file work27.cif (mmCIF, C-alpha atoms)
data_entry
#
loop_
_atom_site.label_atom_id
_atom_site.label_comp_id
_atom_site.auth_asym_id
_atom_site.auth_seq_id
_atom_site.Cartn_x
_atom_site.Cartn_y
_atom_site.Cartn_z
CA ALA A 1 -30.18 21.04 -16.99
CA MET A 2 -28.19 22.87 -14.31
CA VAL A 3 -28.69 20.04 -11.82
CA ARG A 4 -27.40 17.47 -14.29
CA THR A 5 -24.18 19.42 -14.83
CA LEU A 6 -23.58 19.61 -11.08
CA LEU A 7 -24.09 15.87 -10.77
CA ALA A 8 -21.65 15.17 -13.59
CA ALA A 9 -19.10 17.45 -11.93
CA ALA A 10 -19.57 15.69 -8.60
CA LEU A 11 -19.08 12.31 -10.25
CA ALA A 12 -15.94 13.51 -11.99
CA PHE A 13 -14.59 14.80 -8.68
CA GLY A 14 -15.47 11.53 -7.02
CA LEU A 15 -13.39 9.64 -9.55
CA ILE A 16 -10.46 11.97 -9.08
CA GLY A 17 -10.75 11.33 -5.35
CA PHE A 18 -10.40 7.61 -5.98
CA THR A 19 -7.16 7.86 -7.93
CA ALA A 20 -5.67 10.00 -5.17
CA THR A 21 -6.40 7.32 -2.57
CA ASP A 22 -4.98 4.63 -4.83
CA ALA A 23 -1.67 6.45 -4.88
CA SER A 24 -1.48 6.50 -1.09
CA ALA A 25 -2.48 2.81 -0.93
CA GLN A 26 0.79 1.87 -2.60
CA LYS A 27 2.39 1.44 0.77
CA ALA A 28 2.55 -1.99 2.32
CA GLN A 29 -0.68 -3.04 3.95
CA MET A 30 -1.34 -5.24 6.93
CA VAL A 31 -3.99 -7.92 6.88
CA LYS A 32 -4.96 -9.33 10.25
CA GLY A 33 -7.02 -12.38 11.01
CA THR A 34 -6.80 -16.00 12.07
CA ILE A 35 -5.40 -18.97 10.18
CA LYS A 36 -8.03 -21.08 8.45
CA SER A 37 -5.69 -23.35 6.49
CA ALA A 38 -2.17 -23.56 5.13
CA ASP A 39 -1.49 -25.61 2.01
CA ALA A 40 2.20 -25.96 1.21
CA SER A 41 1.50 -27.97 -1.96
CA LYS A 42 -0.44 -25.01 -3.40
CA SER A 43 1.63 -22.32 -1.62
CA LEU A 44 -1.64 -21.00 -0.24
CA LEU A 45 -2.50 -19.51 3.11
CA VAL A 46 -6.18 -19.00 3.84
CA ILE A 47 -7.06 -16.66 6.66
CA ASN A 48 -10.34 -15.62 8.23
CA GLN A 49 -10.59 -11.87 8.29
CA ILE A 50 -13.28 -9.81 9.96
CA VAL A 51 -14.52 -7.21 7.48
CA LYS A 52 -17.35 -4.98 8.73
CA ASP A 53 -18.42 -7.58 11.33
CA GLU A 54 -18.43 -10.40 8.79
CA LYS A 55 -15.98 -13.28 8.62
CA VAL A 56 -14.37 -13.42 5.19
CA ASP A 57 -11.99 -16.07 3.87
CA ARG A 58 -8.98 -14.52 2.23
CA GLU A 59 -6.63 -16.60 0.11
CA LEU A 60 -3.04 -15.44 0.04
CA SER A 61 -0.43 -16.81 -2.32
CA ILE A 62 2.86 -17.44 -0.60
CA THR A 63 6.05 -16.91 -2.59
CA ALA A 64 9.50 -18.39 -2.07
CA THR A 65 10.57 -15.08 -0.46
CA THR A 66 7.66 -14.73 1.98
CA THR A 67 9.06 -14.76 5.51
CA PHE A 68 7.26 -16.44 8.39
CA THR A 69 7.66 -15.66 12.07
CA ILE A 70 5.80 -17.98 14.41
CA LYS A 71 5.67 -16.97 18.05
CA ASP A 72 4.58 -19.77 20.35
CA GLY A 73 5.00 -18.81 23.98
CA ASP A 74 8.69 -17.87 24.44
CA LYS A 75 9.68 -19.83 21.34
CA THR A 76 10.00 -18.08 17.98
CA GLU A 77 10.42 -20.03 14.75
CA GLU A 78 11.34 -18.42 11.46
CA ALA A 79 11.07 -19.85 7.97
CA THR A 80 10.67 -18.78 4.36
CA GLY A 81 8.25 -19.82 1.64
CA LYS A 82 6.71 -23.29 1.75
CA GLU A 83 8.69 -24.22 4.87
CA GLY A 84 6.76 -21.53 6.69
CA LEU A 85 3.46 -22.97 5.50
CA LEU A 86 4.52 -26.40 6.75
CA LEU A 87 5.16 -24.88 10.19
CA LEU A 88 1.56 -23.62 10.26
CA LYS A 89 0.12 -27.15 10.18
CA GLY A 90 -2.01 -27.64 13.26
CA LYS A 91 -1.97 -23.92 14.05
CA GLU A 92 -5.43 -23.21 12.63
CA GLY A 93 -7.17 -20.49 14.60
CA ALA A 94 -3.91 -18.79 15.62
CA THR A 95 -3.73 -15.03 15.23
CA VAL A 96 -1.96 -13.93 12.08
CA ALA A 97 -0.72 -10.59 10.74
CA VAL A 98 0.21 -10.56 7.06
CA LYS A 99 2.17 -7.77 5.45
CA CYS A 100 1.46 -7.31 1.73
CA ASP A 101 3.00 -4.92 -0.75
CA LYS A 102 0.96 -2.68 -3.03
CA ASP A 103 0.37 -5.55 -5.48
CA VAL A 104 -0.88 -7.74 -2.61
CA ASN A 105 2.20 -9.95 -2.75
CA VAL A 106 2.70 -11.42 0.69
CA LEU A 107 5.94 -10.10 2.18
CA SER A 108 5.75 -11.52 5.67
CA VAL A 109 3.49 -13.57 7.89
CA THR A 110 3.60 -13.26 11.67
CA VAL A 111 1.71 -15.90 13.63
CA THR A 112 1.04 -15.72 17.34
CA VAL A 113 -0.08 -19.00 18.84
CA GLY A 114 -2.30 -18.52 21.88
CA LYS A 115 -1.35 -20.28 25.07
CA LYS A 116 -3.05 -23.67 25.35
CA LYS A 117 -5.43 -23.62 28.29
#

call {"tool": "encode", "arguments": {"input": "work27.cif", "output": "structure tokens"}}
result
Amino acid sequence: AMVRTLLAAALAFGLIGFTATDASAQKAQMVKGTIKSADASKSLLVINQIVKDEKVDRELSITATTTFTIKDGDKTEEATGKEGLLLLKGKEGATVAVKCDKDVNVLSVTVTVGKKK
């Protein structure tokens, strides 16, 4: 019976540990990956993200206030909302860094287009 009590206590502590990490995760988070597709009609950006050595598609909803910064060589374009998604057409495979708030709303998208060889 003693062992069971210890296990229950450990589980309870484990759960408490989780809530503590949730609180610290309320800061903005960065998601990095490459662009898979950008759909302005659905306000959707799909990126490929590497999670534990696996490629995962991640769909991100773009809002009217999401800011886009697209760096292509020495040229930098900036746009907001759907206009930003339109600028991503043809930039599939470019490196992207997405900043999300604690509710995973996309705040900003920074795209770096590799030099064409």

call {"tool": "residues_around", "arguments": {"input": "work27.cif", "residues": "Ala40 (chain A)", "least_positions_apart": "5", "cutoff": "12 Å", "atoms": "only C-alpha atoms", "output": "PyMOL selection string"}}
result
chain A and resi 45-46+60-64+80-89

call {"tool": "residues_around", "arguments": {"input": "work27.cif", "residues": "region 96-108 of chain A", "least_positions_apart": "2", "cutoff": "12 Å", "atoms": "all atoms listed in the file", "output": "MDAnalysis selection string"}}
result
chainID A and resid 22:38 43:49 58:71 78:81 84:85 88 91:94 110:114

call {"tool": "atom_distance", "arguments": {"input": "work27.cif", "atom1": "CA of Val109 (chain A)", "atom2": "CA of Asp53 (chain A)"}}
result
23.0 Å
